[in-house]
Amino acid sequence: MTLYGENKVNGKKLIGAMLTILCWLPFQLQGEEEREPYDDRYCTTCHGADGRGNFGVQAPRLAGMEPWYLKRQLENFRTGIRGAHLKDIEGMAMRPMAVQLTDEGIADVVEWVGDWNYIPAQVTIEGDSAVGKQLYSQCATCHGDEAQGNEMLGAPALRGQNDWYLVTQLKNFKKGWRGSESLDNYGQQMMPMAQILADEDSINNVVSHINTLGKN
Amino acid sequence: MNKLVTRREFLNLLGSTGGASAALKAGAALGLLPAASIAKPLDLLALGSNNKKVAILGGGLSGLTVAYELSKRGYDCTILEASHRCGGRIFTVRHGDLIDEIGNRQYCEFDEDPHLYFNGGAARIPGFHHNLLSYCKELGVELEVFVGENNNAYFQDDALLDGKPIRVNDYKTNIRGFLGEMLAKSMSEQEMDKPFTEQEAENLLGIIRSFGDLKEGDLYTGSSRSGYKTGGYIAHGVQKDIIAFRDLLQTQLGNQIFTAYEGDHGPSLLQAKGGMDNITAGFLRKIGEQVKYHAMVSAINVSNDGVEIAYDQDGTRHALKVDYCFSCIPTHLITGLEHNFPGDYVKALKYVRRGDAYKAAFQAKERFWEKDGIYGGITKTNNRSTGIWYPSHGMHQNKGILLGAYNFRGGLYHTNMSQQERIEAHIKDGEKVHPNYRNLVEKPVTIAWHRINHMLGCAASWNRSFGTWTQEEKLMFDTLQAPVHGRHYIIGDQITVNVAWMESAIRSAHWALEDLDQRVRTELG
């Protein structure tokens, strides 16, 4: 376990991002010198140490996420393409944070996330990865044989993500809690694909296969 | 429409499920109830020259308790607090204070005045929470009475009397009258024969009659207990009209009238003078220099001979190596740290669910409730805001802070709204009680604990089914209570069976301290 050392938090960048956000806050009054400054690392409160995800609040791993995908999701949350479905409790918690972000703020967050060390995610679910491999062949068309993602197709990498989060999102797509927004072009493609996975076992199987492709 | 039952049928129903003799047996069991224990001083070994380092993760009340007690005994304590303040869910909001909700950061705009504060977390201290009260005494934290139950406050439900708010007293008096009448009538000959002596039966009837303020023939014909319609001082009082029994039964709030102020919520209640965070301040006067703020833990590595902690502060990752670690970081945030905890420990950490309690408050431009005869106490409403709390302090001042919403188990309802939507919802709910509410309140704050930075939750919940714990849940609780390698303790109200009380946080700290003390005594021989 890497406890400390290599991974410095980039405070300067962070403060830059936060100052940008500050300008957006309608309730921020000028000249209130005693007030607690806006200086906190909100991402890691939910997304865990170094953005490795937190099961306890169901927040996904950000470390290792492709910058283009992270950017798109932050924008989607900001516009309400994601995080507006009333059943998506965690998405609804993400949205108000994203709404605070300017384009520059998003760029800075994406850069900050890029600074975090990636440590392979732990396997936490059980499934039949051999069966999952069969099922995955359809996913591979967009997400790649090694679940490495495909920016041209707008399909994110799946390997390296926390398995419990993949399970949750597949269920959300199946139920239409994610992807049913008409402006969510990529989510709209994903929603019918998720229907291929007939039940919870199928979901666990396919994610178990993705676990075998683990990003290093 | 449900089938109607006569009062007689209802009483038969009661009789068939136990009746008076069953009640008598239940009464006998009362002797077995545990007495409220008296706070006893902690008997912990003072270290002398044996230097031991301790890390306390989180400056919540349990963490402060551990730091205070161990520092007294010569331990070298460091408190790492992720946020800008200590106290955890002891959170008093005043002019200019930050409410660090993720995605909805607020600064409190209340006027700057010592009595204009809002206890956004802990707000009540029962008189029998001895350990907490004994710290208040030791640390010089002044206390004053907190008014919970107030007969002059209101009871409001859209289903009751067309939504017209009625005084708690009116509801209570009338429901007691009807219940008393039913009870008295049920004291028939054959029931009196068996379980009671004649004297006992007579005494019981006396209690029932006074419970309901019954008149001749054991009839409830109204009561002056909730005051008079007119008169009562110079002129003779004219009795208020009875509220029909059926009308009283239209509200689901009725079940709260005799239970809302029992147990931990029962009188007498106290609060820290000037804000509940004066308790935090009391501890910090002793150990404040040991706190590192904005110090966010990222990793915990426990071994047989100590604990290694990594934390971020000022843009740098720091290391801290200690002999023992006490963590009041919420379980659902511990799961997001790098750690080397054993599998069953992690399983238990993942099992605990975070609470979603929610509170909101307004500054009132004037103390309009006092003109209405209300001094402190709680109005109960059957809506999502659940009521209005009137301040127990600052009587007859110009302004005051009202609690405008408190939803303990259903807080996500308002949490999921925008700030404007939340406020509008509370104003709408409040207008049903105080018609001019909208114009009388200003400067709102909302405390959505589910989204407060570095907390992301309120009271932990351990059991999935209401009121009972499965064997597995009990085992997981024991697992998390026990220290990893005798080195890493989880503390806080989260690791008690009576969550959300300051006393519980202290009890959990004391449990851990006594466990540690035994280990240290053994080690030092």
# chains A, B, ... in the order shown; residues from 1 in each chain; ligands from 1
$ closest_atom_pairs --of "chain B" --to "chain A" --cutoff "7 Å" --atoms "only C-alpha atoms" --output "Markdown table"
| residue | atom | partner | partner_atom | distance |
| --- | --- | --- | --- | --- |
| B:Gly96 | CA | A:Arg35 | CA | 6.0 |
| B:Asp97 | CA | A:Arg35 | CA | 6.7 |
| B:Leu98 | CA | A:Glu36 | CA | 6.2 |
| B:Ile102 | CA | A:Met97 | CA | 6.1 |
| B:Gly103 | CA | A:Met97 | CA | 3.8 |
| B:Asn104 | CA | A:Pro96 | CA | 6.8 |
| B:Gln106 | CA | A:Phe27 | CA | 6.9 |
| B:Ser298 | CA | A:Ala49 | CA | 4.9 |
| B:Ala299 | CA | A:Leu3 | CA | 6.1 |
| B:Ala310 | CA | A:Leu3 | CA | 6.0 |
| B:Gly315 | CA | A:Gly11 | CA | 4.7 |
| B:Thr316 | CA | A:Lys8 | CA | 5.6 |
| B:Arg317 | CA | A:Lys8 | CA | 6.1 |
| B:His318 | CA | A:Tyr4 | CA | 7.0 |
| B:Ala319 | CA | A:Tyr4 | CA | 6.9 |
| B:His332 | CA | A:Gly56 | CA | 4.1 |
| B:Leu333 | CA | A:Gly56 | CA | 6.3 |
| B:Thr335 | CA | A:Gly56 | CA | 5.6 |
| B:Gly336 | CA | A:Gly48 | CA | 4.1 |
| B:Leu337 | CA | A:Ala49 | CA | 5.2 |
| B:Glu338 | CA | A:Ala49 | CA | 6.7 |
| B:Lys350 | CA | A:Gly56 | CA | 5.8 |
| B:Asn416 | CA | A:Met92 | CA | 6.7 |
| B:Asn453 | CA | A:Thr45 | CA | 6.6 |
| B:His454 | CA | A:Thr45 | CA | 5.7 |
$ residues_around --residues "region 113-122 of chain A" --least-positions-apart "4" --cutoff "6 Å" --atoms "only C-alpha atoms" --output "PyMOL selection string"
chain A and resi 50+63-64+160+162
$ write_last_selection --atoms "N, CA and C atoms" --output "compact mmCIF listing (two decimals), in the first residue's frame"
# COMPACT_ATOMS: atom_id res chain seq x y z
N ASP A 50 -7.69 9.94 -2.89
CA ASP A 50 -7.13 9.93 -4.24
C ASP A 50 -8.13 9.47 -5.30
N ALA A 63 -9.94 8.29 -10.24
CA ALA A 63 -8.54 8.10 -10.62
C ALA A 63 -8.49 7.08 -11.76
N GLY A 64 -7.81 7.44 -12.82
CA GLY A 64 -7.71 6.53 -13.95
C GLY A 64 -8.80 6.73 -15.00
N GLY A 160 -10.82 -1.30 -14.60
CA GLY A 160 -10.24 -0.39 -13.62
C GLY A 160 -11.26 0.34 -12.78
N ASN A 162 -14.44 0.56 -10.18
CA ASN A 162 -14.90 -0.30 -9.10
C ASN A 162 -16.05 -1.17 -9.61
$ atom_distance --atom1 "CA of Lys52 (chain B)" --atom2 "CA of His485 (chain B)"
16.2 Å
$ atom_distance --atom1 "CA of Asp247 (chain B)" --atom2 "CA of Thr173 (chain B)"
13.6 Å
$ select_by_dssp --residues "region 449-509 of chain B" --states "strand (DSSP E or B)" --output "list in words"
Ile452, Cys458, Ala459, Ala460, Ser461, Val484, His488, Tyr489 and Ile490 of chain B
$ atom_distance --atom1 "CA of Ile329 (chain B)" --atom2 "CA of Met296 (chain B)"
10.2 Å
$ residues_around --residues "region 167-178 of chain A" --least-positions-apart "6" --cutoff "12 Å" --atoms "only C-alpha atoms" --output "ChimeraX atom specification"
/A:55,58-60,73,76-77,80-92,124-127,139,158,161,184-208,210-211
$ residues_around --residues "Thr141 (chain A)" --least-positions-apart "6" --cutoff "10 Å" --atoms "only C-alpha atoms" --output "ChimeraX atom specification"
/A:147,149-150,153,155
$ write_last_selection --atoms "C-alpha atoms" --output "PDB file, in the first residue's frame"
ATOM      1  CA  ALA A 147     -12.661  -2.706 -21.964  1.00  0.00           C
ATOM      2  CA  GLY A 149     -12.734   2.406 -23.958  1.00  0.00           C
ATOM      3  CA  ASN A 150     -13.031   4.174 -27.298  1.00  0.00           C
ATOM      4  CA  LEU A 153     -17.321   6.154 -30.132  1.00  0.00           C
ATOM      5  CA  ALA A 155     -17.539   4.739 -24.922  1.00  0.00           C
TER       6      ALA A 155
END
$ residues_around --residues "Glu366 (chain B)" --least-positions-apart "5" --cutoff "8 Å" --atoms "only C-alpha atoms" --output "mmCIF file with N, CA and C atoms, in the first residue's frame"
data_model
loop_
_atom_site.group_PDB
_atom_site.id
_atom_site.type_symbol
_atom_site.label_atom_id
_atom_site.label_comp_id
_atom_site.auth_asym_id
_atom_site.auth_seq_id
_atom_site.Cartn_x
_atom_site.Cartn_y
_atom_site.Cartn_z
ATOM 1 N N ASN B 398 -35.990 41.173 20.336
ATOM 2 C CA ASN B 398 -36.684 41.614 19.124
ATOM 3 C C ASN B 398 -36.881 40.498 18.123
ATOM 4 N N LYS B 399 -35.850 39.687 17.968
ATOM 5 C CA LYS B 399 -35.911 38.650 16.933
ATOM 6 C C LYS B 399 -35.644 37.284 17.550
ATOM 7 N N GLY B 400 -35.706 36.283 16.738
ATOM 8 C CA GLY B 400 -35.406 34.940 17.229
ATOM 9 C C GLY B 400 -35.192 34.005 16.059
ATOM 10 N N LEU B 440 -43.007 36.994 7.985
ATOM 11 C CA LEU B 440 -42.395 37.149 9.312
ATOM 12 C C LEU B 440 -41.009 36.535 9.404
#
$ select_by_dssp --residues "chain A" --states "helix (DSSP H, G or I)" --output "VMD selection string"
chain A and resid 11 to 22 42 to 47 49 to 51 55 to 57 67 to 79 89 to 99 103 to 114 129 to 143 163 to 175 185 to 194 200 to 212
